[in-house]
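Below is structure00.txt, holding compact mmCIF, N, CA and C atoms.
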```txt
# COMPACT_ATOMS: atom_id res chain seq x y z
N MET A 1 -112.08 -16.58 9.77
CA MET A 1 -112.96 -16.44 10.91
C MET A 1 -113.62 -15.07 10.84
N LYS A 2 -114.91 -15.07 11.07
CA LYS A 2 -115.67 -13.82 11.12
C LYS A 2 -116.50 -13.80 12.40
N LEU A 3 -116.37 -12.72 13.17
CA LEU A 3 -117.11 -12.58 14.41
C LEU A 3 -118.24 -11.58 14.25
N SER A 4 -119.38 -11.90 14.84
CA SER A 4 -120.52 -10.99 14.87
C SER A 4 -121.10 -11.01 16.28
N VAL A 5 -121.28 -9.82 16.86
CA VAL A 5 -121.88 -9.74 18.19
C VAL A 5 -123.39 -9.86 18.03
N LEU A 6 -123.96 -10.87 18.67
CA LEU A 6 -125.40 -11.11 18.60
C LEU A 6 -126.14 -10.44 19.75
N GLU A 7 -125.47 -10.37 20.90
CA GLU A 7 -126.08 -9.77 22.08
C GLU A 7 -124.97 -9.20 22.95
N LYS A 8 -125.17 -7.96 23.40
CA LYS A 8 -124.17 -7.32 24.24
C LYS A 8 -124.88 -6.55 25.35
N LYS A 9 -124.70 -7.03 26.58
CA LYS A 9 -125.24 -6.38 27.75
C LYS A 9 -124.10 -6.18 28.74
N LYS A 10 -124.39 -5.51 29.82
CA LYS A 10 -123.36 -5.24 30.83
C LYS A 10 -122.72 -6.53 31.33
N ASP A 11 -123.54 -7.57 31.53
CA ASP A 11 -123.02 -8.81 32.10
C ASP A 11 -123.15 -10.02 31.17
N LYS A 12 -123.47 -9.79 29.88
CA LYS A 12 -123.64 -10.91 28.96
C LYS A 12 -123.16 -10.53 27.56
N LEU A 13 -122.44 -11.46 26.95
CA LEU A 13 -121.96 -11.26 25.59
C LEU A 13 -122.18 -12.55 24.81
N LYS A 14 -122.85 -12.44 23.65
CA LYS A 14 -123.06 -13.58 22.77
C LYS A 14 -122.46 -13.23 21.42
N VAL A 15 -121.54 -14.08 20.96
CA VAL A 15 -120.81 -13.82 19.72
C VAL A 15 -120.95 -15.01 18.78
N GLU A 16 -121.24 -14.71 17.53
CA GLU A 16 -121.27 -15.73 16.48
C GLU A 16 -119.87 -15.83 15.89
N VAL A 17 -119.38 -17.07 15.75
CA VAL A 17 -118.01 -17.29 15.29
C VAL A 17 -118.07 -18.11 14.00
N GLU A 18 -118.13 -17.43 12.89
CA GLU A 18 -118.26 -18.10 11.59
C GLU A 18 -116.91 -18.69 11.17
N GLY A 19 -116.95 -19.91 10.68
CA GLY A 19 -115.75 -20.54 10.17
C GLY A 19 -115.00 -21.37 11.20
N GLU A 20 -115.53 -21.50 12.39
CA GLU A 20 -114.89 -22.31 13.43
C GLU A 20 -115.82 -23.43 13.86
N ASP A 21 -115.30 -24.33 14.69
CA ASP A 21 -116.10 -25.47 15.13
C ASP A 21 -115.86 -25.73 16.62
N HIS A 22 -116.15 -26.95 17.04
CA HIS A 22 -116.02 -27.31 18.44
C HIS A 22 -114.61 -27.07 18.99
N THR A 23 -113.60 -27.25 18.17
CA THR A 23 -112.23 -27.16 18.65
C THR A 23 -111.95 -25.82 19.32
N LEU A 24 -112.15 -24.74 18.62
CA LEU A 24 -111.87 -23.42 19.18
C LEU A 24 -112.90 -23.01 20.22
N LEU A 25 -114.16 -23.27 19.94
CA LEU A 25 -115.21 -22.82 20.87
C LEU A 25 -115.14 -23.54 22.22
N ASN A 26 -114.77 -24.81 22.21
CA ASN A 26 -114.62 -25.54 23.47
C ASN A 26 -113.45 -24.96 24.27
N LEU A 27 -112.33 -24.68 23.61
CA LEU A 27 -111.19 -24.06 24.28
C LEU A 27 -111.56 -22.71 24.88
N LEU A 28 -112.23 -21.88 24.10
CA LEU A 28 -112.64 -20.56 24.59
C LEU A 28 -113.59 -20.68 25.77
N SER A 29 -114.57 -21.53 25.64
CA SER A 29 -115.56 -21.68 26.70
C SER A 29 -114.92 -22.19 27.99
N GLU A 30 -114.07 -23.20 27.88
CA GLU A 30 -113.40 -23.75 29.06
C GLU A 30 -112.51 -22.71 29.74
N ASN A 31 -111.77 -21.95 28.96
CA ASN A 31 -110.89 -20.92 29.53
C ASN A 31 -111.69 -19.75 30.09
N ALA A 32 -112.83 -19.45 29.52
CA ALA A 32 -113.65 -18.34 30.01
C ALA A 32 -114.24 -18.63 31.39
N TRP A 33 -114.39 -19.91 31.73
CA TRP A 33 -114.94 -20.26 33.04
C TRP A 33 -114.10 -19.73 34.19
N LYS A 34 -112.84 -19.40 33.95
CA LYS A 34 -111.96 -18.88 35.01
C LYS A 34 -112.51 -17.60 35.61
N GLY A 35 -113.22 -16.79 34.81
CA GLY A 35 -113.73 -15.52 35.33
C GLY A 35 -115.22 -15.31 35.14
N ALA A 36 -115.89 -16.31 34.60
CA ALA A 36 -117.31 -16.14 34.25
C ALA A 36 -118.24 -16.83 35.24
N LYS A 37 -119.47 -16.32 35.29
CA LYS A 37 -120.52 -17.02 36.01
C LYS A 37 -121.03 -18.18 35.16
N GLN A 38 -121.01 -17.95 33.84
CA GLN A 38 -121.44 -18.98 32.90
C GLN A 38 -120.71 -18.77 31.58
N SER A 39 -120.33 -19.86 30.96
CA SER A 39 -119.71 -19.82 29.64
C SER A 39 -120.14 -21.06 28.90
N SER A 40 -120.66 -20.87 27.70
CA SER A 40 -121.10 -22.02 26.91
C SER A 40 -121.06 -21.67 25.43
N TYR A 41 -121.09 -22.71 24.62
CA TYR A 41 -121.20 -22.48 23.18
C TYR A 41 -122.22 -23.44 22.62
N MET A 42 -122.73 -23.09 21.45
CA MET A 42 -123.76 -23.90 20.82
C MET A 42 -123.55 -23.89 19.30
N ILE A 43 -123.70 -25.06 18.73
CA ILE A 43 -123.76 -25.19 17.28
C ILE A 43 -125.10 -25.87 17.01
N ARG A 44 -126.08 -25.08 16.62
CA ARG A 44 -127.45 -25.60 16.48
C ARG A 44 -127.55 -26.72 15.44
N HIS A 45 -126.87 -26.55 14.32
CA HIS A 45 -126.86 -27.56 13.27
C HIS A 45 -125.47 -27.54 12.63
N PRO A 46 -124.84 -28.70 12.46
CA PRO A 46 -123.46 -28.72 11.98
C PRO A 46 -123.26 -28.16 10.58
N TYR A 47 -124.28 -28.16 9.75
CA TYR A 47 -124.13 -27.67 8.38
C TYR A 47 -124.86 -26.36 8.11
N LEU A 48 -125.89 -26.07 8.87
CA LEU A 48 -126.76 -24.94 8.55
C LEU A 48 -126.61 -23.73 9.47
N SER A 49 -125.91 -23.87 10.58
CA SER A 49 -125.80 -22.73 11.50
C SER A 49 -124.35 -22.42 11.83
N LYS A 50 -124.15 -21.24 12.36
CA LYS A 50 -122.82 -20.79 12.76
C LYS A 50 -122.71 -20.93 14.27
N PRO A 51 -121.54 -21.32 14.76
CA PRO A 51 -121.37 -21.47 16.20
C PRO A 51 -121.54 -20.16 16.95
N GLU A 52 -122.05 -20.25 18.18
CA GLU A 52 -122.21 -19.09 19.04
C GLU A 52 -121.60 -19.39 20.40
N ILE A 53 -120.91 -18.40 20.97
CA ILE A 53 -120.39 -18.53 22.32
C ILE A 53 -121.04 -17.46 23.18
N THR A 54 -121.46 -17.84 24.38
CA THR A 54 -122.10 -16.92 25.32
C THR A 54 -121.30 -16.91 26.61
N VAL A 55 -120.98 -15.70 27.07
CA VAL A 55 -120.27 -15.53 28.33
C VAL A 55 -121.07 -14.59 29.21
N ILE A 56 -121.31 -15.02 30.45
CA ILE A 56 -122.01 -14.20 31.44
C ILE A 56 -121.08 -13.98 32.61
N GLY A 57 -120.91 -12.73 33.00
CA GLY A 57 -120.04 -12.39 34.11
C GLY A 57 -119.95 -10.89 34.27
N ALA A 58 -119.11 -10.44 35.18
CA ALA A 58 -118.99 -9.02 35.50
C ALA A 58 -118.52 -8.20 34.29
N ASN A 59 -117.61 -8.74 33.51
CA ASN A 59 -117.10 -8.05 32.32
C ASN A 59 -116.87 -9.09 31.23
N PRO A 60 -117.93 -9.52 30.53
CA PRO A 60 -117.81 -10.63 29.59
C PRO A 60 -116.83 -10.37 28.43
N LYS A 61 -116.71 -9.12 28.01
CA LYS A 61 -115.76 -8.81 26.94
C LYS A 61 -114.33 -9.12 27.39
N LYS A 62 -113.98 -8.69 28.59
CA LYS A 62 -112.65 -8.95 29.14
C LYS A 62 -112.45 -10.45 29.40
N ILE A 63 -113.47 -11.11 29.90
CA ILE A 63 -113.38 -12.54 30.17
C ILE A 63 -113.06 -13.31 28.89
N LEU A 64 -113.75 -12.99 27.80
CA LEU A 64 -113.52 -13.69 26.54
C LEU A 64 -112.16 -13.33 25.95
N ALA A 65 -111.76 -12.07 26.04
CA ALA A 65 -110.44 -11.66 25.55
C ALA A 65 -109.34 -12.36 26.36
N ASP A 66 -109.50 -12.45 27.67
CA ASP A 66 -108.53 -13.14 28.52
C ASP A 66 -108.46 -14.63 28.18
N ALA A 67 -109.61 -15.22 27.89
CA ALA A 67 -109.64 -16.64 27.52
C ALA A 67 -108.85 -16.87 26.24
N ALA A 68 -109.02 -15.99 25.27
CA ALA A 68 -108.26 -16.11 24.01
C ALA A 68 -106.76 -15.97 24.27
N GLN A 69 -106.40 -15.02 25.12
CA GLN A 69 -104.98 -14.81 25.44
C GLN A 69 -104.40 -16.02 26.17
N ASP A 70 -105.17 -16.62 27.06
CA ASP A 70 -104.72 -17.82 27.77
C ASP A 70 -104.43 -18.96 26.80
N ILE A 71 -105.27 -19.11 25.77
CA ILE A 71 -105.06 -20.16 24.77
C ILE A 71 -103.76 -19.91 24.02
N ILE A 72 -103.51 -18.66 23.65
CA ILE A 72 -102.27 -18.30 22.95
C ILE A 72 -101.06 -18.62 23.82
N THR A 73 -101.13 -18.25 25.09
CA THR A 73 -100.03 -18.49 26.02
C THR A 73 -99.76 -19.99 26.17
N GLU A 74 -100.83 -20.78 26.32
CA GLU A 74 -100.69 -22.23 26.45
C GLU A 74 -100.09 -22.85 25.18
N ALA A 75 -100.53 -22.37 24.02
CA ALA A 75 -100.02 -22.90 22.76
C ALA A 75 -98.53 -22.57 22.59
N LYS A 76 -98.11 -21.38 22.98
CA LYS A 76 -96.70 -21.01 22.90
C LYS A 76 -95.86 -21.86 23.85
N ALA A 77 -96.37 -22.11 25.05
CA ALA A 77 -95.65 -22.95 26.00
C ALA A 77 -95.52 -24.38 25.46
N PHE A 78 -96.58 -24.89 24.86
CA PHE A 78 -96.53 -26.22 24.25
C PHE A 78 -95.50 -26.25 23.13
N GLN A 79 -95.53 -25.23 22.28
CA GLN A 79 -94.60 -25.17 21.16
C GLN A 79 -93.15 -25.16 21.65
N LYS A 80 -92.87 -24.38 22.66
CA LYS A 80 -91.52 -24.29 23.21
C LYS A 80 -91.07 -25.64 23.78
N GLU A 81 -91.94 -26.28 24.55
CA GLU A 81 -91.61 -27.58 25.14
C GLU A 81 -91.48 -28.65 24.06
N PHE A 82 -92.34 -28.60 23.07
CA PHE A 82 -92.28 -29.58 21.98
C PHE A 82 -90.95 -29.48 21.22
N LYS A 83 -90.53 -28.25 20.94
CA LYS A 83 -89.23 -28.05 20.26
C LYS A 83 -88.09 -28.59 21.12
N ARG A 84 -88.18 -28.39 22.45
CA ARG A 84 -87.13 -28.84 23.34
C ARG A 84 -87.03 -30.36 23.35
N VAL A 85 -88.15 -31.05 23.44
CA VAL A 85 -88.11 -32.49 23.57
C VAL A 85 -87.90 -33.21 22.23
N THR A 86 -88.06 -32.52 21.12
CA THR A 86 -87.87 -33.18 19.82
C THR A 86 -86.60 -32.78 19.12
N LYS A 87 -85.65 -32.22 19.86
CA LYS A 87 -84.34 -31.87 19.26
C LYS A 87 -83.59 -33.09 18.84
```
Please re-express this file's structure in structure tokens.
Amino acid sequence: MKLSVLEKKKDKLKVEVEGEDHTLLNLLSENAWKGAKQSSYMIRHPYLSKPEITVIGANPKKILADAAQDIITEAKAFQKEFKRVTK
């Protein structure tokens, strides 16, 4: 995964996420809605373009970082429960 900041303003952050697809970007976008005014992602062309995620809010950098942390926390909780039920 390679990240590139395409646009950075006080209330808007647009990041290109090379090497990822709908799976990660949808998770990030959905989790970012918890603190954002707007959160969306776009893949202009499935073979020719790199995915972009845009977050608009009071502190978009923190919103996106928190969204990533929420995904990690949810995945760890799933892993723990999965191990418990499959003993």
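Residues lying within 8 Å of A:Lys10, counting only N, CA and C atoms and ignoring same-chain neighbours fewer than 2 positions away, are Glu7, Lys8, Lys12, Leu13, Ile56, Gly57, Ala58, Asn59, Pro60 and Lys61 of chain A.
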Write a file of the just-selected residues containing N, CA and C atoms, as a CSV table (one decimal), in the frame of the given file.
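selection_11.csv was written with the following content:
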```csv
chain,number,residue,atom,x,y,z
A,7,GLU,N,-125.5,-10.4,20.9
A,7,GLU,CA,-126.1,-9.8,22.1
A,7,GLU,C,-125.0,-9.2,23.0
A,8,LYS,N,-125.2,-8.0,23.4
A,8,LYS,CA,-124.2,-7.3,24.2
A,8,LYS,C,-124.9,-6.6,25.4
A,12,LYS,N,-123.5,-9.8,29.9
A,12,LYS,CA,-123.6,-10.9,29.0
A,12,LYS,C,-123.2,-10.5,27.6
A,13,LEU,N,-122.4,-11.5,27.0
A,13,LEU,CA,-122.0,-11.3,25.6
A,13,LEU,C,-122.2,-12.6,24.8
A,56,ILE,N,-121.3,-15.0,30.4
A,56,ILE,CA,-122.0,-14.2,31.4
A,56,ILE,C,-121.1,-14.0,32.6
A,57,GLY,N,-120.9,-12.7,33.0
A,57,GLY,CA,-120.0,-12.4,34.1
A,57,GLY,C,-120.0,-10.9,34.3
A,58,ALA,N,-119.1,-10.4,35.2
A,58,ALA,CA,-119.0,-9.0,35.5
A,58,ALA,C,-118.5,-8.2,34.3
A,59,ASN,N,-117.6,-8.7,33.5
A,59,ASN,CA,-117.1,-8.0,32.3
A,59,ASN,C,-116.9,-9.1,31.2
A,60,PRO,N,-117.9,-9.5,30.5
A,60,PRO,CA,-117.8,-10.6,29.6
A,60,PRO,C,-116.8,-10.4,28.4
A,61,LYS,N,-116.7,-9.1,28.0
A,61,LYS,CA,-115.8,-8.8,26.9
A,61,LYS,C,-114.3,-9.1,27.4
```
Would you list the contacts of stretch 49-53 of chain A as a ChimeraX atom specification, taking every protein, DNA or RNA residue within 8 Å and counting only N, CA and C atoms, but skipping same-chain residues closer than 3 positions in sequence? /A:13-22,25,28-29,39-46,56
So which residues of chain A fall under alpha helix (DSSP H) by DSSP, listed as an mmCIF file with N, CA and C atoms, in the coordinates of the input?
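Output below, filename part_39.cif:
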```
data_model
loop_
_atom_site.group_PDB
_atom_site.id
_atom_site.type_symbol
_atom_site.label_atom_id
_atom_site.label_comp_id
_atom_site.auth_asym_id
_atom_site.auth_seq_id
_atom_site.Cartn_x
_atom_site.Cartn_y
_atom_site.Cartn_z
ATOM 1 N N HIS A 22 -116.150 -26.950 17.040
ATOM 2 C CA HIS A 22 -116.020 -27.310 18.440
ATOM 3 C C HIS A 22 -114.610 -27.070 18.990
ATOM 4 N N THR A 23 -113.600 -27.250 18.170
ATOM 5 C CA THR A 23 -112.230 -27.160 18.650
ATOM 6 C C THR A 23 -111.950 -25.820 19.320
ATOM 7 N N LEU A 24 -112.150 -24.740 18.620
ATOM 8 C CA LEU A 24 -111.870 -23.420 19.180
ATOM 9 C C LEU A 24 -112.900 -23.010 20.220
ATOM 10 N N LEU A 25 -114.160 -23.270 19.940
ATOM 11 C CA LEU A 25 -115.210 -22.820 20.870
ATOM 12 C C LEU A 25 -115.140 -23.540 22.220
ATOM 13 N N ASN A 26 -114.770 -24.810 22.210
ATOM 14 C CA ASN A 26 -114.620 -25.540 23.470
ATOM 15 C C ASN A 26 -113.450 -24.960 24.270
ATOM 16 N N LEU A 27 -112.330 -24.680 23.610
ATOM 17 C CA LEU A 27 -111.190 -24.060 24.280
ATOM 18 C C LEU A 27 -111.560 -22.710 24.880
ATOM 19 N N LEU A 28 -112.230 -21.880 24.100
ATOM 20 C CA LEU A 28 -112.640 -20.560 24.590
ATOM 21 C C LEU A 28 -113.590 -20.680 25.770
ATOM 22 N N SER A 29 -114.570 -21.530 25.640
ATOM 23 C CA SER A 29 -115.560 -21.680 26.700
ATOM 24 C C SER A 29 -114.920 -22.190 27.990
ATOM 25 N N GLU A 30 -114.070 -23.200 27.880
ATOM 26 C CA GLU A 30 -113.400 -23.750 29.060
ATOM 27 C C GLU A 30 -112.510 -22.710 29.740
ATOM 28 N N ASN A 31 -111.770 -21.950 28.960
ATOM 29 C CA ASN A 31 -110.890 -20.920 29.530
ATOM 30 C C ASN A 31 -111.690 -19.750 30.090
ATOM 31 N N ALA A 32 -112.830 -19.450 29.520
ATOM 32 C CA ALA A 32 -113.650 -18.340 30.010
ATOM 33 C C ALA A 32 -114.240 -18.630 31.390
ATOM 34 N N PRO A 60 -117.930 -9.520 30.530
ATOM 35 C CA PRO A 60 -117.810 -10.630 29.590
ATOM 36 C C PRO A 60 -116.830 -10.370 28.430
ATOM 37 N N LYS A 61 -116.710 -9.120 28.010
ATOM 38 C CA LYS A 61 -115.760 -8.810 26.940
ATOM 39 C C LYS A 61 -114.330 -9.120 27.390
ATOM 40 N N LYS A 62 -113.980 -8.690 28.590
ATOM 41 C CA LYS A 62 -112.650 -8.950 29.140
ATOM 42 C C LYS A 62 -112.450 -10.450 29.400
ATOM 43 N N ILE A 63 -113.470 -11.110 29.900
ATOM 44 C CA ILE A 63 -113.380 -12.540 30.170
ATOM 45 C C ILE A 63 -113.060 -13.310 28.890
ATOM 46 N N LEU A 64 -113.750 -12.990 27.800
ATOM 47 C CA LEU A 64 -113.520 -13.690 26.540
ATOM 48 C C LEU A 64 -112.160 -13.330 25.950
ATOM 49 N N ALA A 65 -111.760 -12.070 26.040
ATOM 50 C CA ALA A 65 -110.440 -11.660 25.550
ATOM 51 C C ALA A 65 -109.340 -12.360 26.360
ATOM 52 N N ASP A 66 -109.500 -12.450 27.670
ATOM 53 C CA ASP A 66 -108.530 -13.140 28.520
ATOM 54 C C ASP A 66 -108.460 -14.630 28.180
ATOM 55 N N ALA A 67 -109.610 -15.220 27.890
ATOM 56 C CA ALA A 67 -109.640 -16.640 27.520
ATOM 57 C C ALA A 67 -108.850 -16.870 26.240
ATOM 58 N N ALA A 68 -109.020 -15.990 25.270
ATOM 59 C CA ALA A 68 -108.260 -16.110 24.010
ATOM 60 C C ALA A 68 -106.760 -15.970 24.270
ATOM 61 N N GLN A 69 -106.400 -15.020 25.120
ATOM 62 C CA GLN A 69 -104.980 -14.810 25.440
ATOM 63 C C GLN A 69 -104.400 -16.020 26.170
ATOM 64 N N ASP A 70 -105.170 -16.620 27.060
ATOM 65 C CA ASP A 70 -104.720 -17.820 27.770
ATOM 66 C C ASP A 70 -104.430 -18.960 26.800
ATOM 67 N N ILE A 71 -105.270 -19.110 25.770
ATOM 68 C CA ILE A 71 -105.060 -20.160 24.770
ATOM 69 C C ILE A 71 -103.760 -19.910 24.020
ATOM 70 N N ILE A 72 -103.510 -18.660 23.650
ATOM 71 C CA ILE A 72 -102.270 -18.300 22.950
ATOM 72 C C ILE A 72 -101.060 -18.620 23.820
ATOM 73 N N THR A 73 -101.130 -18.250 25.090
ATOM 74 C CA THR A 73 -100.030 -18.490 26.020
ATOM 75 C C THR A 73 -99.760 -19.990 26.170
ATOM 76 N N GLU A 74 -100.830 -20.780 26.320
ATOM 77 C CA GLU A 74 -100.690 -22.230 26.450
ATOM 78 C C GLU A 74 -100.090 -22.850 25.180
ATOM 79 N N ALA A 75 -100.530 -22.370 24.020
ATOM 80 C CA ALA A 75 -100.020 -22.900 22.760
ATOM 81 C C ALA A 75 -98.530 -22.570 22.590
ATOM 82 N N LYS A 76 -98.110 -21.380 22.980
ATOM 83 C CA LYS A 76 -96.700 -21.010 22.900
ATOM 84 C C LYS A 76 -95.860 -21.860 23.850
ATOM 85 N N ALA A 77 -96.370 -22.110 25.050
ATOM 86 C CA ALA A 77 -95.650 -22.950 26.000
ATOM 87 C C ALA A 77 -95.520 -24.380 25.460
ATOM 88 N N PHE A 78 -96.580 -24.890 24.860
ATOM 89 C CA PHE A 78 -96.530 -26.220 24.250
ATOM 90 C C PHE A 78 -95.500 -26.250 23.130
ATOM 91 N N GLN A 79 -95.530 -25.230 22.280
ATOM 92 C CA GLN A 79 -94.600 -25.170 21.160
ATOM 93 C C GLN A 79 -93.150 -25.160 21.650
ATOM 94 N N LYS A 80 -92.870 -24.380 22.660
ATOM 95 C CA LYS A 80 -91.520 -24.290 23.210
ATOM 96 C C LYS A 80 -91.070 -25.640 23.780
ATOM 97 N N GLU A 81 -91.940 -26.280 24.550
ATOM 98 C CA GLU A 81 -91.610 -27.580 25.140
ATOM 99 C C GLU A 81 -91.480 -28.650 24.060
ATOM 100 N N PHE A 82 -92.340 -28.600 23.070
ATOM 101 C CA PHE A 82 -92.280 -29.580 21.980
ATOM 102 C C PHE A 82 -90.950 -29.480 21.220
ATOM 103 N N LYS A 83 -90.530 -28.250 20.940
ATOM 104 C CA LYS A 83 -89.230 -28.050 20.260
ATOM 105 C C LYS A 83 -88.090 -28.590 21.120
ATOM 106 N N ARG A 84 -88.180 -28.390 22.450
ATOM 107 C CA ARG A 84 -87.130 -28.840 23.340
ATOM 108 C C ARG A 84 -87.030 -30.360 23.350
ATOM 109 N N VAL A 85 -88.150 -31.050 23.440
ATOM 110 C CA VAL A 85 -88.110 -32.490 23.570
ATOM 111 C C VAL A 85 -87.900 -33.210 22.230
#
```
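What separates atom C of A:Phe78 from atom N of A:Gly35 is a distance of 23.2 Å.
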Give me, as number ranges by chain, the residues of chain A that a backbone DSSP run labels strand (DSSP E). A: 2-8, 12-18, 38-42, 52-56
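Reported to one decimal place, the separation of atom CA of A:Asp11 from atom CA of A:Ala36 is 9.5 Å.
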Padding 6 Å on every side, please: axis-aligned box over the listed atoms of stretch 40-50 of chain A, centre and edge lengths to one decimal in Å, as lines of an AutoDock Vina configuration file.
```
center_x = -124.1
center_y = -24.8
center_z = 17.9
size_x = 18.9
size_y = 19.9
size_z = 31.6
```
Which one of A:Arg84, A:Glu30, A:Leu24, A:Val55 sits closest to A:Met1 if you count only C-alpha atoms? A:Leu24
